[in-house]
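Q: File name start.cif; file contents mmCIF, C-alpha atoms and all ligand atoms; full text below.
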data_model
loop_
_atom_site.group_PDB
_atom_site.id
_atom_site.type_symbol
_atom_site.label_atom_id
_atom_site.label_comp_id
_atom_site.auth_asym_id
_atom_site.auth_seq_id
_atom_site.Cartn_x
_atom_site.Cartn_y
_atom_site.Cartn_z
ATOM 1 C CA MET F 1116 -10.189 -7.712 -15.593
ATOM 2 C CA LYS F 1117 -10.529 -11.424 -15.002
ATOM 3 C CA LYS F 1118 -13.587 -11.066 -12.821
ATOM 4 C CA ARG F 1119 -16.013 -8.214 -13.135
ATOM 5 C CA VAL F 1120 -17.448 -6.816 -9.919
ATOM 6 C CA GLU F 1121 -21.005 -5.523 -9.615
ATOM 7 C CA LEU F 1122 -21.350 -2.891 -6.904
ATOM 8 C CA PRO F 1123 -24.646 -1.194 -7.730
ATOM 9 C CA SER F 1124 -24.352 1.484 -5.042
ATOM 10 C CA ALA F 1125 -20.859 2.566 -6.029
ATOM 11 C CA ALA F 1126 -19.644 4.960 -8.700
ATOM 12 C CA GLU F 1127 -17.130 3.027 -10.759
ATOM 13 C CA THR F 1128 -14.262 4.555 -12.713
ATOM 14 C CA VAL F 1129 -12.825 2.104 -15.185
ATOM 15 C CA VAL F 1130 -9.212 2.794 -16.080
ATOM 16 C CA GLY F 1131 -8.492 1.167 -19.430
ATOM 17 C CA ASP F 1132 -8.359 -2.585 -19.042
ATOM 18 C CA SER F 1133 -6.143 -2.269 -15.967
ATOM 19 C CA GLY F 1134 -8.902 -2.063 -13.409
ATOM 20 C CA SER F 1135 -11.528 -0.028 -11.616
ATOM 21 C CA VAL F 1136 -11.749 2.433 -8.757
ATOM 22 C CA TYR F 1137 -15.052 2.344 -6.852
ATOM 23 C CA CYS F 1138 -16.118 5.388 -4.909
ATOM 24 C CA THR F 1139 -17.659 3.695 -1.904
ATOM 25 C CA ASP F 1140 -17.082 2.520 1.651
ATOM 26 C CA ALA F 1141 -14.274 -0.041 1.981
ATOM 27 C CA LEU F 1142 -16.404 -2.644 3.721
ATOM 28 C CA THR F 1143 -19.222 -2.460 1.155
ATOM 29 C CA PHE F 1144 -16.569 -2.717 -1.549
ATOM 30 C CA LEU F 1145 -14.830 -5.757 -0.093
ATOM 31 C CA ARG F 1146 -18.132 -7.511 0.601
ATOM 32 C CA GLY F 1147 -18.990 -7.135 -3.081
ATOM 33 C CA LEU F 1148 -15.836 -8.906 -4.268
ATOM 34 C CA PRO F 1149 -15.758 -12.630 -5.049
ATOM 35 C CA SER F 1150 -13.663 -14.837 -2.773
ATOM 36 C CA GLY F 1151 -10.114 -15.486 -3.926
ATOM 37 C CA VAL F 1152 -10.027 -12.681 -6.510
ATOM 38 C CA ALA F 1153 -6.877 -10.961 -5.198
ATOM 39 C CA ASN F 1154 -3.232 -11.943 -5.350
ATOM 40 C CA ILE F 1155 -2.278 -8.966 -3.189
ATOM 41 C CA VAL F 1156 -4.494 -7.008 -0.809
ATOM 42 C CA PHE F 1157 -2.883 -3.769 0.327
ATOM 43 C CA VAL F 1158 -4.503 -2.080 3.338
ATOM 44 C CA ASP F 1159 -3.440 1.460 4.320
ATOM 45 C CA PRO F 1160 -6.493 2.516 6.315
ATOM 46 C CA PRO F 1161 -7.310 5.742 8.136
ATOM 47 C CA PHE F 1162 -5.523 5.495 11.515
ATOM 48 C CA ASN F 1163 -8.367 6.947 13.604
ATOM 49 C CA LEU F 1164 -6.258 10.060 14.213
ATOM 50 C CA GLN F 1165 -8.747 12.714 13.052
ATOM 51 C CA LYS F 1166 -7.053 13.144 9.658
ATOM 52 C CA ARG F 1167 -8.872 15.153 7.001
ATOM 53 C CA TYR F 1168 -9.212 13.074 3.865
ATOM 54 C CA GLY F 1169 -11.843 15.096 2.053
ATOM 55 C CA ARG F 1170 -15.487 15.858 2.500
ATOM 56 C CA ALA F 1171 -15.761 13.509 5.498
ATOM 57 C CA GLY F 1172 -13.416 15.880 7.415
ATOM 58 C CA PRO F 1173 -11.704 14.916 10.682
ATOM 59 C CA ASN F 1174 -14.855 13.309 12.107
ATOM 60 C CA GLY F 1175 -14.634 10.675 9.392
ATOM 61 C CA ASP F 1176 -11.389 9.494 11.006
ATOM 62 C CA SER F 1177 -12.370 9.577 14.653
ATOM 63 C CA THR F 1178 -14.333 6.910 16.496
ATOM 64 C CA LYS F 1179 -14.065 5.112 19.835
ATOM 65 C CA SER F 1180 -11.247 2.549 19.914
ATOM 66 C CA GLY F 1181 -13.731 -0.324 20.175
ATOM 67 C CA THR F 1182 -15.712 0.846 17.141
ATOM 68 C CA TYR F 1183 -12.522 1.288 15.128
ATOM 69 C CA PHE F 1184 -11.256 -2.140 16.159
ATOM 70 C CA TYR F 1185 -14.563 -3.712 15.108
ATOM 71 C CA PHE F 1186 -14.481 -1.885 11.741
ATOM 72 C CA MET F 1187 -10.887 -2.917 11.061
ATOM 73 C CA SER F 1188 -11.557 -6.517 12.129
ATOM 74 C CA GLN F 1189 -14.364 -6.722 9.582
ATOM 75 C CA ILE F 1190 -12.141 -5.171 6.911
ATOM 76 C CA LEU F 1191 -9.399 -7.713 7.593
ATOM 77 C CA ASN F 1192 -11.840 -10.649 7.637
ATOM 78 C CA GLU F 1193 -13.065 -9.582 4.216
ATOM 79 C CA ALA F 1194 -9.532 -8.886 2.983
ATOM 80 C CA SER F 1195 -8.546 -12.440 3.983
ATOM 81 C CA ARG F 1196 -11.593 -13.870 2.205
ATOM 82 C CA VAL F 1197 -10.904 -12.094 -1.112
ATOM 83 C CA LEU F 1198 -7.271 -13.235 -1.063
ATOM 84 C CA ALA F 1199 -6.466 -16.169 -3.363
ATOM 85 C CA PRO F 1200 -4.578 -19.165 -1.936
ATOM 86 C CA GLY F 1201 -0.895 -18.193 -1.852
ATOM 87 C CA GLY F 1202 -1.807 -14.484 -2.009
ATOM 88 C CA ALA F 1203 -0.265 -11.766 0.178
ATOM 89 C CA LEU F 1204 -1.925 -9.317 2.551
ATOM 90 C CA PHE F 1205 -0.090 -6.168 3.634
ATOM 91 C CA VAL F 1206 -1.390 -3.892 6.389
ATOM 92 C CA TYR F 1207 0.304 -0.548 7.020
ATOM 93 C CA HIS F 1208 -0.413 0.857 10.466
ATOM 94 C CA LEU F 1209 0.838 2.317 13.734
ATOM 95 C CA PRO F 1210 2.591 -0.329 15.877
ATOM 96 C CA LYS F 1211 -0.139 -0.018 18.538
ATOM 97 C CA TRP F 1212 -2.820 -1.095 16.056
ATOM 98 C CA ALA F 1213 -0.621 -3.475 14.085
ATOM 99 C CA MET F 1214 -0.170 -5.464 17.286
ATOM 100 C CA VAL F 1215 -3.873 -6.099 17.885
ATOM 101 C CA LEU F 1216 -4.913 -6.374 14.239
ATOM 102 C CA GLY F 1217 -2.009 -8.704 13.483
ATOM 103 C CA GLY F 1218 -3.160 -10.913 16.365
ATOM 104 C CA ARG F 1219 -6.554 -11.276 14.727
ATOM 105 C CA LEU F 1220 -5.120 -12.039 11.316
ATOM 106 C CA GLY F 1221 -2.993 -14.841 12.721
ATOM 107 C CA SER F 1222 -6.021 -17.126 13.010
ATOM 108 C CA ARG F 1223 -6.810 -16.798 9.275
ATOM 109 C CA LEU F 1224 -3.502 -16.263 7.518
ATOM 110 C CA GLU F 1225 0.138 -17.149 7.894
ATOM 111 C CA PHE F 1226 2.311 -14.502 9.524
ATOM 112 C CA ARG F 1227 5.456 -13.734 7.544
ATOM 113 C CA HIS F 1228 6.871 -10.426 8.711
ATOM 114 C CA TRP F 1229 6.451 -7.299 10.752
ATOM 115 C CA ILE F 1230 8.343 -4.922 8.491
ATOM 116 C CA ALA F 1231 9.514 -1.790 10.290
ATOM 117 C CA VAL F 1232 9.182 1.096 7.840
ATOM 118 C CA SER F 1233 11.241 3.984 9.116
ATOM 119 C CA MET F 1234 9.250 7.234 8.852
ATOM 120 C CA LYS F 1235 10.628 10.030 10.919
ATOM 121 C CA ASN F 1236 7.728 12.431 10.905
ATOM 122 C CA GLY F 1237 6.184 11.959 14.346
ATOM 123 C CA PHE F 1238 6.515 13.844 17.611
ATOM 124 C CA VAL F 1239 7.738 12.729 21.011
ATOM 125 C CA ARG F 1240 4.734 12.587 23.317
ATOM 126 C CA GLY F 1241 4.652 12.342 27.126
ATOM 127 C CA ASP F 1242 6.761 9.587 28.650
ATOM 128 C CA ARG F 1243 7.400 7.745 25.396
ATOM 129 C CA LEU F 1244 10.244 7.192 22.971
ATOM 130 C CA TYR F 1245 10.427 9.037 19.687
ATOM 131 C CA PRO F 1246 8.220 7.034 17.288
ATOM 132 C CA ALA F 1247 10.290 6.441 14.163
ATOM 133 C CA HIS F 1248 8.612 3.543 12.397
ATOM 134 C CA TYR F 1249 5.306 2.273 11.070
ATOM 135 C CA ALA F 1250 4.505 -1.415 10.879
ATOM 136 C CA LEU F 1251 3.901 -3.100 7.554
ATOM 137 C CA LEU F 1252 2.346 -6.459 8.401
ATOM 138 C CA PHE F 1253 2.927 -9.150 5.802
ATOM 139 C CA PHE F 1254 0.703 -12.248 5.873
ATOM 140 C CA THR F 1255 0.052 -14.881 3.228
ATOM 141 C CA LYS F 1256 -2.785 -17.311 2.638
ATOM 142 C CA GLY F 1257 -0.802 -20.506 3.107
ATOM 143 C CA LYS F 1258 2.454 -20.936 1.232
ATOM 144 C CA PRO F 1259 3.179 -17.793 -0.823
ATOM 145 C CA LYS F 1260 2.658 -18.306 -4.529
ATOM 146 C CA ALA F 1261 4.835 -15.516 -5.851
ATOM 147 C CA PHE F 1262 7.457 -14.524 -3.326
ATOM 148 C CA LYS F 1263 10.618 -12.851 -4.590
ATOM 149 C CA ARG F 1264 13.262 -11.414 -2.286
ATOM 150 C CA PRO F 1265 14.477 -8.155 -3.802
ATOM 151 C CA LYS F 1266 18.095 -7.087 -3.568
ATOM 152 C CA VAL F 1267 19.084 -3.532 -2.770
ATOM 153 C CA PRO F 1268 22.353 -1.893 -3.756
ATOM 154 C CA ILE F 1269 24.921 -1.653 -0.966
ATOM 155 C CA GLN F 1270 25.181 1.787 0.579
ATOM 156 C CA LEU F 1271 28.107 3.830 -0.761
ATOM 157 C CA CYS F 1272 29.818 6.819 0.818
ATOM 158 C CA ARG F 1273 28.588 10.012 -0.830
ATOM 159 C CA HIS F 1274 32.123 11.365 -1.097
ATOM 160 C CA CYS F 1275 34.479 8.449 -1.837
ATOM 161 C CA ARG F 1276 31.865 6.066 -3.380
ATOM 162 C CA LYS F 1277 33.235 3.165 -1.291
ATOM 163 C CA PRO F 1278 30.865 0.881 0.688
ATOM 164 C CA VAL F 1279 29.860 2.454 4.005
ATOM 165 C CA LYS F 1280 30.123 -0.949 5.688
ATOM 166 C CA ASP F 1281 33.100 -3.272 5.642
ATOM 167 C CA TYR F 1282 31.884 -6.550 4.120
ATOM 168 C CA GLY F 1283 35.276 -8.192 4.721
ATOM 169 C CA GLY F 1284 35.517 -11.523 2.897
ATOM 170 C CA TYR F 1285 31.886 -11.291 1.731
ATOM 171 C CA LYS F 1286 32.453 -8.572 -0.876
ATOM 172 C CA GLN F 1287 31.829 -10.868 -3.832
ATOM 173 C CA PHE F 1288 28.471 -11.941 -2.342
ATOM 174 C CA VAL F 1289 27.191 -8.383 -2.047
ATOM 175 C CA ALA F 1290 28.490 -7.105 -5.390
ATOM 176 C CA LYS F 1291 25.018 -7.463 -6.933
ATOM 177 C CA GLY F 1292 23.272 -6.030 -3.878
ATOM 178 C CA ILE F 1293 22.164 -7.219 -0.462
ATOM 179 C CA ASN F 1294 18.990 -9.059 0.473
ATOM 180 C CA VAL F 1295 16.195 -6.813 1.670
ATOM 181 C CA SER F 1296 15.619 -7.165 5.406
ATOM 182 C CA ASP F 1297 12.531 -6.506 7.503
ATOM 183 C CA ILE F 1298 13.719 -2.978 8.291
ATOM 184 C CA TRP F 1299 13.035 -0.553 5.454
ATOM 185 C CA ASP F 1300 14.707 2.744 6.099
ATOM 186 C CA GLU F 1301 15.282 4.183 2.667
ATOM 187 C CA PHE F 1302 11.838 5.649 1.991
ATOM 188 C CA SER F 1303 11.097 9.236 2.865
ATOM 189 C CA PRO F 1304 7.588 10.495 3.583
ATOM 190 C CA VAL F 1305 6.005 12.321 0.651
ATOM 191 C CA ARG F 1306 6.161 15.799 2.108
ATOM 192 C CA HIS F 1307 6.994 18.298 -0.584
ATOM 193 C CA LYS F 1308 3.998 20.057 -2.139
ATOM 194 C CA LYS F 1309 5.410 19.494 -5.628
ATOM 195 C CA ARG F 1310 5.483 15.726 -5.144
ATOM 196 C CA LYS F 1311 2.219 15.302 -3.263
ATOM 197 C CA HIS F 1312 -1.005 14.535 -5.071
ATOM 198 C CA ARG F 1313 -3.144 15.893 -2.224
ATOM 199 C CA LYS F 1314 -2.696 17.313 1.274
ATOM 200 C CA ALA F 1315 -3.507 14.138 3.207
ATOM 201 C CA ASN F 1316 -1.355 11.015 3.576
ATOM 202 C CA GLU F 1317 0.319 9.493 0.575
ATOM 203 C CA LEU F 1318 2.754 6.605 0.740
ATOM 204 C CA PRO F 1319 6.087 6.807 -1.092
ATOM 205 C CA ILE F 1320 5.950 5.000 -4.439
ATOM 206 C CA GLY F 1321 9.206 3.145 -3.641
ATOM 207 C CA LEU F 1322 7.520 1.345 -0.772
ATOM 208 C CA LEU F 1323 4.716 0.085 -3.002
ATOM 209 C CA ARG F 1324 7.143 -0.864 -5.767
ATOM 210 C CA ARG F 1325 8.944 -3.066 -3.264
ATOM 211 C CA VAL F 1326 5.714 -4.706 -2.082
ATOM 212 C CA ILE F 1327 4.792 -5.445 -5.699
ATOM 213 C CA ALA F 1328 8.306 -6.684 -6.496
ATOM 214 C CA MET F 1329 8.018 -9.139 -3.582
ATOM 215 C CA SER F 1330 4.524 -10.494 -4.138
ATOM 216 C CA GLY F 1331 3.224 -9.291 -7.509
ATOM 217 C CA GLY F 1332 3.464 -10.566 -11.042
ATOM 218 C CA ARG F 1333 2.123 -9.887 -14.536
ATOM 219 C CA ASN F 1334 -1.670 -10.095 -14.725
ATOM 220 C CA ALA F 1335 -1.957 -10.745 -10.993
ATOM 221 C CA VAL F 1336 -4.689 -8.715 -9.245
ATOM 222 C CA LEU F 1337 -4.145 -6.087 -6.547
ATOM 223 C CA VAL F 1338 -7.017 -5.050 -4.279
ATOM 224 C CA ASP F 1339 -6.730 -1.777 -2.314
ATOM 225 C CA PRO F 1340 -9.842 -0.779 -0.319
ATOM 226 C CA PHE F 1341 -8.374 2.559 0.937
ATOM 227 C CA VAL F 1342 -6.705 3.649 -2.262
ATOM 228 C CA GLY F 1343 -6.149 7.355 -1.459
ATOM 229 C CA THR F 1344 -4.004 8.876 -4.198
ATOM 230 C CA GLY F 1345 -3.523 5.496 -5.868
ATOM 231 C CA THR F 1346 0.151 4.855 -5.069
ATOM 232 C CA SER F 1347 -0.426 1.089 -4.971
ATOM 233 C CA LEU F 1348 -2.196 1.201 -8.343
ATOM 234 C CA VAL F 1349 0.696 3.017 -10.015
ATOM 235 C CA ALA F 1350 3.176 0.415 -8.739
ATOM 236 C CA ALA F 1351 0.813 -2.390 -9.806
ATOM 237 C CA VAL F 1352 0.269 -1.203 -13.397
ATOM 238 C CA GLU F 1353 4.000 -0.561 -13.802
ATOM 239 C CA ALA F 1354 4.441 -4.273 -13.079
ATOM 240 C CA GLY F 1355 1.708 -5.305 -15.525
ATOM 241 C CA MET F 1356 -0.826 -6.089 -12.801
ATOM 242 C CA LYS F 1357 -4.584 -5.497 -12.713
ATOM 243 C CA PHE F 1358 -6.358 -3.805 -9.826
ATOM 244 C CA ILE F 1359 -9.676 -3.290 -8.067
ATOM 245 C CA ALA F 1360 -9.764 -0.414 -5.588
ATOM 246 C CA SER F 1361 -12.020 1.820 -3.543
ATOM 247 C CA ASP F 1362 -12.076 5.026 -1.546
ATOM 248 C CA ARG F 1363 -15.098 6.730 -0.091
ATOM 249 C CA GLU F 1364 -13.838 10.179 -1.134
ATOM 250 C CA GLN F 1365 -14.727 11.180 -4.669
ATOM 251 C CA SER F 1366 -11.667 13.460 -4.801
ATOM 252 C CA ALA F 1367 -9.329 10.557 -3.944
ATOM 253 C CA CYS F 1368 -10.904 8.256 -6.547
ATOM 254 C CA LYS F 1369 -10.355 10.910 -9.201
ATOM 255 C CA ILE F 1370 -6.728 11.481 -8.255
ATOM 256 C CA ALA F 1371 -6.029 7.728 -8.172
ATOM 257 C CA ALA F 1372 -7.639 7.116 -11.577
ATOM 258 C CA ASN F 1373 -5.781 10.055 -13.124
ATOM 259 C CA ARG F 1374 -2.463 8.870 -11.733
ATOM 260 C CA VAL F 1375 -3.004 5.442 -13.258
ATOM 261 C CA ARG F 1376 -3.970 6.984 -16.603
ATOM 262 C CA ALA F 1377 -0.802 9.099 -16.624
ATOM 263 C CA THR F 1378 1.324 6.071 -15.743
ATOM 264 C CA LEU F 1379 -0.246 3.940 -18.496
ATOM 265 C CA HIS F 1380 0.292 6.802 -20.920
ATOM 266 C CA THR F 1381 3.992 6.852 -20.119
ATOM 267 C CA LEU F 1382 4.298 3.073 -20.167
ATOM 268 C CA ASN F 1383 2.728 3.040 -23.605
ATOM 269 C CA GLY F 1384 5.576 5.261 -24.767
ATOM 270 C CA ASN F 1385 3.600 8.450 -25.130
ATOM 271 C CA HIS F 1386 6.076 11.287 -24.768
ATOM 272 C CA ASP F 1387 3.447 13.828 -23.654
ATOM 273 C CA GLY F 1388 2.473 11.557 -20.797
ATOM 274 C CA GLN F 1389 5.964 11.504 -19.390
ATOM 275 C CA HIS F 1390 5.589 14.812 -17.662
ATOM 276 C CA ALA F 1391 2.247 13.902 -16.172
ATOM 277 C CA ALA F 1392 3.548 10.638 -14.795
ATOM 278 C CA LYS F 1393 6.921 11.966 -13.716
ATOM 279 C CA HIS F 1394 5.928 12.302 -10.108
ATOM 280 C CA SER F 1395 3.428 9.461 -10.101
HETATM 281 C C1 LIG L 1401 -4.079 6.574 4.653
HETATM 282 S S1 LIG L 1401 -5.063 7.028 3.291
HETATM 283 C C2 LIG L 1401 -4.476 5.983 1.998
HETATM 284 C C3 LIG L 1401 -3.295 6.574 1.288
HETATM 285 C C4 LIG L 1401 -2.822 5.787 0.090
HETATM 286 N N1 LIG L 1401 -2.149 4.562 0.466
HETATM 287 C C5 LIG L 1401 -1.884 6.652 -0.772
HETATM 288 O O1 LIG L 1401 -0.703 6.312 -0.940
HETATM 289 O O2 LIG L 1401 -2.329 7.688 -1.232
HETATM 290 C C6 LIG L 1401 -6.605 6.346 3.701
HETATM 291 C C7 LIG L 1401 -7.699 6.575 2.679
HETATM 292 O O3 LIG L 1401 -8.855 5.863 3.118
HETATM 293 C C8 LIG L 1401 -10.016 6.598 2.777
HETATM 294 N N2 LIG L 1401 -11.089 6.139 3.689
HETATM 295 C C9 LIG L 1401 -11.289 6.446 4.990
HETATM 296 N N3 LIG L 1401 -12.314 5.748 5.488
HETATM 297 C C10 LIG L 1401 -12.789 4.982 4.473
HETATM 298 C C11 LIG L 1401 -13.837 4.030 4.363
HETATM 299 N N4 LIG L 1401 -14.607 3.715 5.400
HETATM 300 N N5 LIG L 1401 -14.028 3.442 3.168
HETATM 301 C C12 LIG L 1401 -13.243 3.746 2.097
HETATM 302 N N6 LIG L 1401 -12.254 4.632 2.147
HETATM 303 C C13 LIG L 1401 -12.014 5.241 3.314
HETATM 304 C C14 LIG L 1401 -9.622 8.049 2.947
HETATM 305 O O4 LIG L 1401 -10.451 8.868 2.133
HETATM 306 C C15 LIG L 1401 -8.145 8.013 2.507
HETATM 307 O O5 LIG L 1401 -8.037 8.390 1.154
#
Would you write the structure of this file as structure tokens?
A:
Amino acid sequence: MKKRVELPSAAETVVGDSGSVYCTDALTFLRGLPSGVANIVFVDPPFNLQKRYGRAGPNGDSTKSGTYFYFMSQILNEASRVLAPGGALFVYHLPKWAMVLGGRLGSRLEFRHWIAVSMKNGFVRGDRLYPAHYALLFFTKGKPKAFKRPKVPIQLCRHCRKPVKDYGGYKQFVAKGINVSDIWDEFSPVRHKKRKHRKANELPIGLLRRVIAMSGGRNAVLVDPFVGTGTSLVAAVEAGMKFIASDREQSACKIAANRVRATLHTLNGNHDGQHAAKHS
């Protein structure tokens, strides 16, 4: 790691020379980091929906709206501080919270996108529409230093293998793929037991790979204060990045560190590791 972090109250798991996972509260963790250390900060917090993440149980994810807003505002202030000039901050949340939290971030960082990530796993409630997307807020600290716009292959018909859409006279421009838009609808929630690393939320690896492809780079540093199963860390090390992460659940920290180890094992060409990292 470029900069070593001293968090005396936190249990630290060092994963090779790729980075560390600290088992501690996200705010304590962020406050312990030097300013400007991160090229990407990825924030996928608890949504205050009484989810069970581990020993904290559902009460750990349930507070009054005002208390939650205050907590998240502090997290985002710290996240903005630890971001290097030109760095990128991503916040994954429900639209309701993305709206207010995004408003706060606007005074510190530059708004780039509200990315609608299609996730059809909600329920219709009361007099509302069917909620089919989460918001992925994308802000940068000034002009982005490492922005790349990924291309995605054009969608082909499953049966005839011809493009689903008629690109008319533009066919030659889309032959190598189309530019990614701010609607991401190709990622499915990690639902199947075989693919999940724990019962609670886990983001699809494809989503994190795209985030890293857009704003990452070799030896750049990713900070994730709510690391969960470590999906962001796997995508980061695959791209040759370093990381500093935290989660207050010991079980999550263990899973995240093990996933990174398995990924590094595979990347280093170890055949035995391939199975372990297959679903990472
Ligand atoms: C939505 S999950 C993150 C999932 C992660 N992106 C993944 O793909 O696995 C939120 C995580 O935040 C952790 N968490 C909740 N409150 C926290 C806090 N105050 N400090 C640190 N971690 C916390 C939970 O234990 C949980 O693992």
Q: Taking all atoms of ligand LIG 1401 (chain L) that the file lists and extending 6 Å past them on each side, where is the centre of the axis-aligned box and how long are its edges? Answer in Å to one decimal, as AutoDock Vina command-line options.
A:
--center_x -7.7 --center_y 6.2 --center_z 2.1 --size_x 25.9 --size_y 17.4 --size_z 18.7
Q: Using all atoms listed in the file, determine which residues lie at most 12 Å from Lys1258 in chain F, disregarding the query and same-chain residues fewer than 6 positions distant; provide the list as a list in words.
A: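 The residues satisfying every condition are Ala1199, Pro1200, Gly1201, Gly1202, Ala1203, Leu1224, Glu1225, Phe1226, Arg1227 and Ser1330 of chain F.
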Q: Could you give me, as JSON lines, every chain F residue with an atom at most 8 Å from ligand LIG 1401 (chain L), plus its closest atom pair and distance in Å to one decimal, counting all atoms listed in the file, rows ordered by chain then number?
A:
{"residue": "F:Cys1138", "atom": "CA", "partner": "L:LIG1401", "partner_atom": "C12", "distance": 7.7}
{"residue": "F:Thr1139", "atom": "CA", "partner": "L:LIG1401", "partner_atom": "C12", "distance": 6.0}
{"residue": "F:Asp1140", "atom": "CA", "partner": "L:LIG1401", "partner_atom": "N5", "distance": 3.5}
{"residue": "F:Ala1141", "atom": "CA", "partner": "L:LIG1401", "partner_atom": "N5", "distance": 3.7}
{"residue": "F:Leu1142", "atom": "CA", "partner": "L:LIG1401", "partner_atom": "N5", "distance": 6.6}
{"residue": "F:Val1158", "atom": "CA", "partner": "L:LIG1401", "partner_atom": "N1", "distance": 7.6}
{"residue": "F:Asp1159", "atom": "CA", "partner": "L:LIG1401", "partner_atom": "N1", "distance": 5.1}
{"residue": "F:Pro1160", "atom": "CA", "partner": "L:LIG1401", "partner_atom": "C6", "distance": 4.6}
{"residue": "F:Pro1161", "atom": "CA", "partner": "L:LIG1401", "partner_atom": "C6", "distance": 4.5}
{"residue": "F:Phe1162", "atom": "CA", "partner": "L:LIG1401", "partner_atom": "C1", "distance": 7.1}
{"residue": "F:Tyr1168", "atom": "CA", "partner": "L:LIG1401", "partner_atom": "O4", "distance": 4.7}
{"residue": "F:Gly1169", "atom": "CA", "partner": "L:LIG1401", "partner_atom": "O4", "distance": 6.4}
{"residue": "F:Ala1171", "atom": "CA", "partner": "L:LIG1401", "partner_atom": "O4", "distance": 7.8}
{"residue": "F:Gly1175", "atom": "CA", "partner": "L:LIG1401", "partner_atom": "N3", "distance": 6.7}
{"residue": "F:Asp1176", "atom": "CA", "partner": "L:LIG1401", "partner_atom": "N3", "distance": 6.7}
{"residue": "F:His1312", "atom": "CA", "partner": "L:LIG1401", "partner_atom": "O2", "distance": 8.0}
{"residue": "F:Ala1315", "atom": "CA", "partner": "L:LIG1401", "partner_atom": "S1", "distance": 7.3}
{"residue": "F:Asn1316", "atom": "CA", "partner": "L:LIG1401", "partner_atom": "C1", "distance": 5.3}
{"residue": "F:Glu1317", "atom": "CA", "partner": "L:LIG1401", "partner_atom": "O1", "distance": 3.7}
{"residue": "F:Leu1318", "atom": "CA", "partner": "L:LIG1401", "partner_atom": "O1", "distance": 3.9}
{"residue": "F:Pro1319", "atom": "CA", "partner": "L:LIG1401", "partner_atom": "O1", "distance": 6.8}
{"residue": "F:Ile1320", "atom": "CA", "partner": "L:LIG1401", "partner_atom": "O1", "distance": 7.6}
{"residue": "F:Pro1340", "atom": "CA", "partner": "L:LIG1401", "partner_atom": "C12", "distance": 6.2}
{"residue": "F:Phe1341", "atom": "CA", "partner": "L:LIG1401", "partner_atom": "O3", "distance": 4.0}
{"residue": "F:Val1342", "atom": "CA", "partner": "L:LIG1401", "partner_atom": "C4", "distance": 5.0}
{"residue": "F:Gly1343", "atom": "CA", "partner": "L:LIG1401", "partner_atom": "O5", "distance": 3.4}
{"residue": "F:Thr1344", "atom": "CA", "partner": "L:LIG1401", "partner_atom": "O2", "distance": 3.6}
{"residue": "F:Gly1345", "atom": "CA", "partner": "L:LIG1401", "partner_atom": "O2", "distance": 5.3}
{"residue": "F:Thr1346", "atom": "CA", "partner": "L:LIG1401", "partner_atom": "O1", "distance": 4.5}
{"residue": "F:Ser1347", "atom": "CA", "partner": "L:LIG1401", "partner_atom": "O1", "distance": 6.6}
{"residue": "F:Ser1361", "atom": "CA", "partner": "L:LIG1401", "partner_atom": "C12", "distance": 6.1}
{"residue": "F:Asp1362", "atom": "CA", "partner": "L:LIG1401", "partner_atom": "N6", "distance": 3.7}
{"residue": "F:Arg1363", "atom": "CA", "partner": "L:LIG1401", "partner_atom": "C12", "distance": 4.1}
{"residue": "F:Glu1364", "atom": "CA", "partner": "L:LIG1401", "partner_atom": "O4", "distance": 4.9}
{"residue": "F:Ala1367", "atom": "CA", "partner": "L:LIG1401", "partner_atom": "O5", "distance": 5.7}
{"residue": "F:Ala1371", "atom": "CA", "partner": "L:LIG1401", "partner_atom": "O2", "distance": 7.9}
Q: Pull out every residue that the PyMOL selection byres (((chain F and resi 1133) around 12) and not hetatm) matches in the shown coordinates and put them as a short mmCIF file (atom, residue, chain, number, x, y, z; two decimals) with C-alpha atoms, keeping the file's coordinate frame.
A:
data_model
loop_
_atom_site.label_atom_id
_atom_site.label_comp_id
_atom_site.auth_asym_id
_atom_site.auth_seq_id
_atom_site.Cartn_x
_atom_site.Cartn_y
_atom_site.Cartn_z
CA MET F 1116 -10.19 -7.71 -15.59
CA LYS F 1117 -10.53 -11.42 -15.00
CA LYS F 1118 -13.59 -11.07 -12.82
CA ARG F 1119 -16.01 -8.21 -13.14
CA THR F 1128 -14.26 4.56 -12.71
CA VAL F 1129 -12.82 2.10 -15.18
CA VAL F 1130 -9.21 2.79 -16.08
CA GLY F 1131 -8.49 1.17 -19.43
CA ASP F 1132 -8.36 -2.58 -19.04
CA GLY F 1134 -8.90 -2.06 -13.41
CA SER F 1135 -11.53 -0.03 -11.62
CA VAL F 1136 -11.75 2.43 -8.76
CA ARG F 1333 2.12 -9.89 -14.54
CA ASN F 1334 -1.67 -10.10 -14.72
CA ALA F 1335 -1.96 -10.74 -10.99
CA VAL F 1336 -4.69 -8.72 -9.24
CA LEU F 1337 -4.14 -6.09 -6.55
CA LEU F 1348 -2.20 1.20 -8.34
CA VAL F 1349 0.70 3.02 -10.02
CA ALA F 1351 0.81 -2.39 -9.81
CA VAL F 1352 0.27 -1.20 -13.40
CA GLU F 1353 4.00 -0.56 -13.80
CA ALA F 1354 4.44 -4.27 -13.08
CA GLY F 1355 1.71 -5.30 -15.52
CA MET F 1356 -0.83 -6.09 -12.80
CA LYS F 1357 -4.58 -5.50 -12.71
CA PHE F 1358 -6.36 -3.80 -9.83
CA ILE F 1359 -9.68 -3.29 -8.07
CA ALA F 1360 -9.76 -0.41 -5.59
CA ALA F 1372 -7.64 7.12 -11.58
CA VAL F 1375 -3.00 5.44 -13.26
CA ARG F 1376 -3.97 6.98 -16.60
CA THR F 1378 1.32 6.07 -15.74
CA LEU F 1379 -0.25 3.94 -18.50
#
Q: Applying 12 Å and only C-alpha atoms, which residues near Tyr1185 in chain F remain after dropping the ones on its own chain fewer than 4 positions away? List them as a list in words.
A: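 What passes the distance filter is Leu1142, Thr1178, Lys1179, Ser1180, Gly1181, Gln1189, Ile1190, Leu1191, Asn1192, Val1215, Leu1216 and Arg1219 of chain F.
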